[in-house]
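Enquirer: My questions all concern the structure below.
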Amino acid sequence: MDIASILGLVLCGVVFVYGIVSSGGFGALGSFWDLPSVFITFGGALFCVLASYSMQNFLDGIKSFRLVLKRPTIDTPEMIRKIIDLSNIARKEGLLSLEEAATNLEDEFLKKGILLIVDGTDPELVRAIMETELVSVEERHKTKIGFWDALGAMGPAWGMIGTLVGLVIMLENMDDPAAIGPGMATALITTLYGSLLANWVCAPVASKLKENNAEEVMMKEIMIEGLLSIQAGENPRVIEEKLKSFLSPKDRESWNKPEDGGEAVG
Amino acid sequence: MDIASILGLVLCGVVFVYGIVSSGGFGALGSFWDLPSVFITFGGALFCVLASYSMQNFLDGIKSFRLVLKRPTIDTPEMIRKIIDLSNIARKEGLLSLEEAATNLEDEFLKKGILLIVDGTDPELVRAIMETELVSVEERHKTKIGFWDALGAMGPAWGMIGTLVGLVIMLENMDDPAAIGPGMATALITTLYGSLLANWVCAPVASKLKENNAEEVMMKEIMIEGLLSIQAGENPRVIEEKLKSFLSPKDRESWNKPEDGGEAVG
Amino acid sequence: MDIASILGLVLCGVVFVYGIVSSGGFGALGSFWDLPSVFITFGGALFCVLASYSMQNFLDGIKSFRLVLKRPTIDTPEMIRKIIDLSNIARKEGLLSLEEAATNLEDEFLKKGILLIVDGTDPELVRAIMETELVSVEERHKTKIGFWDALGAMGPAWGMIGTLVGLVIMLENMDDPAAIGPGMATALITTLYGSLLANWVCAPVASKLKENNAEEVMMKEIMIEGLLSIQAGENPRVIEEKLKSFLSPKDRESWNKPEDGGEAVG
Amino acid sequence: MDIASILGLVLCGVVFVYGIVSSGGFGALGSFWDLPSVFITFGGALFCVLASYSMQNFLDGIKSFRLVLKRPTIDTPEMIRKIIDLSNIARKEGLLSLEEAATNLEDEFLKKGILLIVDGTDPELVRAIMETELVSVEERHKTKIGFWDALGAMGPAWGMIGTLVGLVIMLENMDDPAAIGPGMATALITTLYGSLLANWVCAPVASKLKENNAEEVMMKEIMIEGLLSIQAGENPRVIEEKLKSFLSPKDRESWNKPEDGGEAVG
Amino acid sequence: MDIASILGLVLCGVVFVYGIVSSGGFGALGSFWDLPSVFITFGGALFCVLASYSMQNFLDGIKSFRLVLKRPTIDTPEMIRKIIDLSNIARKEGLLSLEEAATNLEDEFLKKGILLIVDGTDPELVRAIMETELVSVEERHKTKIGFWDALGAMGPAWGMIGTLVGLVIMLENMDDPAAIGPGMATALITTLYGSLLANWVCAPVASKLKENNAEEVMMKEIMIEGLLSIQAGENPRVIEEKLKSFLSPKDRESWNKPEDGGEAVG
């Protein structure tokens, strides 16, 4: 579970409530709940996004909220070690021996690549298949990110529509001056809802999905690079050198210390 | 018929009307209809877009609204199966036998590609012709998407022009304080109309057309990839492996189950 | 003359005037004319754009307004037929016979290409020269489009500057409450002028020039493709197949019917 | 000296002053000068940009204002003629004879290229060196353009900060209603200053630098193309044909008339 | 320590405080401090960014503020000289002698490249490894720049949320007209805070990090170019000519003067 996202979303709520209570007391909280405003802002935004996508993509978009809460179990150094292990196996026992090793792998993408190699698929074709798959994965991620971007754009738009509706109604009925203040307050609430939808929910979710996508794509690029090197029969040490370039300085430091022996294998 | 788009567009209208009625009662609905505002906002926006395009592209743009309501009958797994069938025919009975098979195909793009292959066209030329056509299709889609983007930008712009006109007239005649409220209300209605045109109609239509375009382009890319593989005489099993990379995980799962026998053909 | 652009520009004016008259009567039209506002908005915007370009590009930009009103006489199917005719001549009577045929051509770009071919210029060089010219043409179009984009951005900016000037003057002299309304009305007029300049004039002109540019570029790409195919001595039927991919479905349909005989030539 | 930029900048000032005087008389000019507003808007914007760059790039950015006022002495047809002359010399007297010709050249970029050719540098390396230099030149231009873009973005931002400061102070002290008008007027002046900084100064300067950059880059591309053709020993007539594609229709017309004899040289 | 950034950030603060004091006296400074506003604006913005990133990237983003204050010790001419020295060593004493020279190098990137060359790594592989590393470095920089861009976007968004909260509370309690002014003043303070966060802090930091990144990337590109030239055994003079194209005119001038002798080495 990714503590950063949950912590961030909760703390945003805390400062928001604190801001209301510190200015207007606990009684003021009630002024910030208005059911018709909820309908017109959240309903309008959500239904507009529904109209923009196929039902399948719309549902996938909503479900992708869960992905924000669980950190993808991506550990680049471990993946690189796994690929180096595989290259050692391939070197010592031949490419065919990889079939057995592949059965233990959890990652479907890596597994598929190894089975293609074991099948004796042409390297060019292996690269083409793996890259098409990578592009398809990215395409699907982008649809989900696009869902949250669209919802984040629709929130303020429908917030403004709600505020205009409230203002028109208030301006048409200006006989009672005492009602002007509360009328405008209600009108502004949809704008507030729209801002909260865009900035409290949609922006963080879209950013998080982008970050996750970037990490997964880099991971898959490492796998493709590694698989093709294994197929080409490259020296495990060279493969290590190649893949280590993907590591951050911090990961690289911890790599060189306890695992230094690994480099002597090739 | 695509339920998502129609449902979305209708529900947006429902929450909008509900928002008005719940704040101002049914009587308030009348305040939101003003014919001069309709003319200046929708007329101004539409005529500006008319001035931006040739008559043909303008009419095509308006007509493209219908495309939003009908879901393109795109079934990627079925198309891949069709291409694998064709590759099996080509393998067993020769490329020329594809001519007969092509007569049963509904998709004009695939048909054209097969006829090019049967004619013995050079593979490079087949790719060039098919890709030029794909680019032309995309270009035409983009013109239609651009129409809705332009209308969506012009809506708020002419809404603001209408509001400025209303404000200037109201400010010039401030002798009767009772008229100020309704005057401003009317002035704001064009801004509201502009927002609705942009967010209720144009944004969903443009998004939907983009989604449809992306799906059609992917479909045509699968066909080009498949056709060139058939022409190159590649093994149907390799072709299947190649094209399956385009499938989503869900489609791929259902692919592997009941149709597993298909893989043993090649 | 392109009816769509003129119609659009005129109808925008009609709905704008109708909007004023229907709200404030014919007398209100006078409130929307204010010479100092004209100077500060249109003058400021225009002079800022003047400062942004060289004198030559500035004058070319203004002149390009005329291009919007005349539809470029581009007829893609006819151009393709012309190229196929040329390829038939080249096939039957040799490349040198094209020199005579070129004298009848109106299009300078196509003519230049044919003369390069007749001169025996290396195909690589023909492509390089034609593409450099295409890029130069596009560059010049983009400068003109950029002029209208810049003017469209400067309009609202100087409109806002004018409004701020008006507001500051009004706020400094608030002794006479009766003058506040008309003062604000005048202040808002520059914002209105800026919006009209951007949305009534600049946006349609820039869009139209973009459309014209896209059509001309596609036309020139068809010519380059055709010329190189003729030089390479390709079969006229293959050339037809290649160039037809550029056609829209509608043009393609009408192509196949009455002119079907043309395909049998090659 | 480029008359367009100076004329534009001055005329913008004229319409601005005319707008003030025509609405509020000469006495109103005084209302538009407020030293604290100058400090917070121009100071804030400038110091923010200072914080965004290294001291060197900041000073180069400010200095680049002068480049707007002097039109680069770029004459494309003359440059093309010079290159054709050089190609004739190289053809008749050999590549080494270019060394002498190079001493008369003013343009450092062309000179460097010729010296590389005379030194017998490999063509690939000549292209690589010249293009790296072109990219470096463009990079430096972009830093300067970025300076003005950043200042143009910071102007309105600090103008709004100044207005917010003024509004907060005015709202805290609302005891004297007569002070509200002038208080708001002063608050708005920073917004006006920010708009003027962005639209009167920064936008034209950034546009102008972009135009100058585009011209210089095209000029240098012509030189690279010409130099490599000379080194390859291409026919001067072919070189002329190649380089003429860069010319505008107007330049090309005047090229073909009086200088027609030049074409007969090759 | 980079004087420009610190000077800029401090001077922005000075003009901001001067603007307040000159309009409202020292007593007005107190009006600009409001703890709940600090929480809702800075807290909301910061926690939203926290929700957008993994904890690691969030902390790295905050820490990257320090990078703005220290100027990267990048001296392009010196680096080029170092590479030319290395090329001279390689020429005279062979590639293996570089191992010793590498031990004195401070730059880890250059060191790694030299060790790869000494190991006899294939040139293609050297380029691939170095470029992957360069891309990874840039990717990490972009994450940090993205952090400040996101914070700069969230600042005004949460400022507006705070203002809306303040307005709603004020409008609900309009019984005491004397409280309206101070109520609105407090409501506006969050908007002011958001603007300051975006324009005083985030924009300069993000710009500065972009500038630093561009310089580091160019430096690393020079190293890659130089290393591959050394490995290819190119003449030190040619290498100098190649790398000098990266220098600015100013650096190039000072290069040619006192160090002219260096050119005679090759």
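Chain lettering (A, B, ...) mirrors the order of the structure tokens, residue numbering begins at 1 for each chain separately, and ligand numbering begins at 1 in order of display.
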I need the residues of segment 47-222 of chain B that end up classed as alpha helix (DSSP H) by DSSP on the backbone, written out as an MDAnalysis selection string.

Expert: chainID B and resid 47:52 55:63 65:69 76:93 98:103 108:118 123:172 180:196 203:222

Enquirer: What are the residues of chain A that have an atom within 6 Å of an atom of chain E, counting only C-alpha atoms, as an MDAnalysis selection string?

Expert: chainID A and resid 4:5 8:9 12 15:16 19 181:182 185 204 207:208 242 245:246

Enquirer: Output N, CA, C and O atoms for every residue in that selection, as a short mmCIF file (atom, residue, chain, number, x, y, z; two decimals), in the first residue's frame.

Expert:
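Listed below is the output, result.cif:
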data_model
loop_
_atom_site.label_atom_id
_atom_site.label_comp_id
_atom_site.auth_asym_id
_atom_site.auth_seq_id
_atom_site.Cartn_x
_atom_site.Cartn_y
_atom_site.Cartn_z
N ALA A 4 2.18 7.37 0.57
CA ALA A 4 2.24 8.77 0.13
C ALA A 4 0.89 9.23 -0.40
O ALA A 4 0.38 10.28 0.00
N SER A 5 0.27 8.44 -1.28
CA SER A 5 -0.99 8.87 -1.89
C SER A 5 -2.10 8.98 -0.86
O SER A 5 -2.83 9.97 -0.82
N GLY A 8 -1.41 11.88 1.47
CA GLY A 8 -1.65 13.14 0.79
C GLY A 8 -3.13 13.44 0.67
O GLY A 8 -3.58 14.55 1.01
N LEU A 9 -3.92 12.46 0.21
CA LEU A 9 -5.35 12.69 0.02
C LEU A 9 -6.03 13.01 1.34
O LEU A 9 -6.88 13.90 1.42
N CYS A 12 -4.96 16.55 2.70
CA CYS A 12 -5.66 17.61 1.97
C CYS A 12 -7.04 17.84 2.59
O CYS A 12 -7.46 18.99 2.77
N VAL A 15 -6.62 19.74 6.03
CA VAL A 15 -6.39 21.19 5.96
C VAL A 15 -7.63 21.91 5.45
O VAL A 15 -7.93 23.03 5.86
N PHE A 16 -8.38 21.25 4.56
CA PHE A 16 -9.60 21.86 4.04
C PHE A 16 -10.62 22.06 5.17
O PHE A 16 -11.16 23.15 5.36
N GLY A 19 -9.41 24.63 7.61
CA GLY A 19 -9.59 25.98 7.08
C GLY A 19 -11.01 26.49 7.32
O GLY A 19 -11.21 27.64 7.72
N GLY A 181 -26.81 37.40 0.01
CA GLY A 181 -25.60 36.77 0.54
C GLY A 181 -25.66 35.25 0.47
O GLY A 181 -24.85 34.63 -0.22
N PRO A 182 -26.62 34.63 1.18
CA PRO A 182 -26.71 33.17 1.11
C PRO A 182 -26.90 32.66 -0.31
O PRO A 182 -26.36 31.59 -0.67
N ALA A 185 -23.57 32.60 -1.83
CA ALA A 185 -22.78 31.56 -1.17
C ALA A 185 -23.07 30.20 -1.81
O ALA A 185 -22.16 29.44 -2.15
N PRO A 204 -4.04 14.57 -8.50
CA PRO A 204 -3.14 13.56 -7.92
C PRO A 204 -3.29 12.19 -8.56
O PRO A 204 -2.29 11.51 -8.80
N SER A 207 -1.60 12.21 -11.96
CA SER A 207 -0.13 12.25 -11.80
C SER A 207 0.41 10.90 -11.36
O SER A 207 1.42 10.42 -11.86
N LYS A 208 -0.27 10.32 -10.38
CA LYS A 208 0.18 9.03 -9.86
C LYS A 208 0.17 7.95 -10.94
O LYS A 208 1.12 7.16 -11.06
N LYS A 242 25.16 -2.86 -19.17
CA LYS A 242 24.11 -2.21 -19.96
C LYS A 242 22.92 -1.85 -19.07
O LYS A 242 22.44 -0.71 -19.07
N SER A 245 22.88 0.96 -16.33
CA SER A 245 22.72 2.38 -16.71
C SER A 245 21.31 2.89 -16.40
O SER A 245 21.09 4.08 -16.31
N PHE A 246 20.36 1.96 -16.27
CA PHE A 246 19.00 2.39 -15.97
C PHE A 246 18.82 2.75 -14.49
O PHE A 246 17.84 3.39 -14.12
#

Enquirer: What separation in Å, quoted to one decimal, exists between atom CA of Ser23 of chain A and atom CA of Phe32 of chain E?

Expert: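 Going from atom CA of Ser23 of chain A over to atom CA of Phe32 of chain E covers 15.5 Å.
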
Enquirer: Name all residues at most 10 Å from Glu215 of chain C (count only C-alpha atoms; drop same-chain ones fewer than 3 positions away) and give them as a list of chain:residue names.

Expert: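 The residues that qualify are C:Pro72, C:Ile74, C:Asp75, C:Thr76, C:Leu209, C:Lys210, C:Glu211, C:Asn212, C:Met218, C:Met219, C:Lys220, C:Glu221.
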
Enquirer: Those residues you just picked out, can you put them in a file as a short mmCIF file (atom, residue, chain, number, x, y, z; two decimals), in the first residue's frame with C-alpha atoms?

Expert:
data_model
loop_
_atom_site.label_atom_id
_atom_site.label_comp_id
_atom_site.auth_asym_id
_atom_site.auth_seq_id
_atom_site.Cartn_x
_atom_site.Cartn_y
_atom_site.Cartn_z
CA PRO C 72 -8.03 27.78 -53.76
CA ILE C 74 -7.66 22.75 -55.85
CA ASP C 75 -9.18 19.71 -57.46
CA THR C 76 -7.31 16.65 -56.29
CA LEU C 209 -5.41 29.67 -43.79
CA LYS C 210 -4.49 26.46 -41.96
CA GLU C 211 -7.06 24.50 -43.97
CA ASN C 212 -5.83 26.02 -47.23
CA MET C 218 -1.24 17.49 -49.68
CA MET C 219 -1.54 18.54 -53.33
CA LYS C 220 2.19 19.17 -53.57
CA GLU C 221 2.94 15.86 -51.85
#
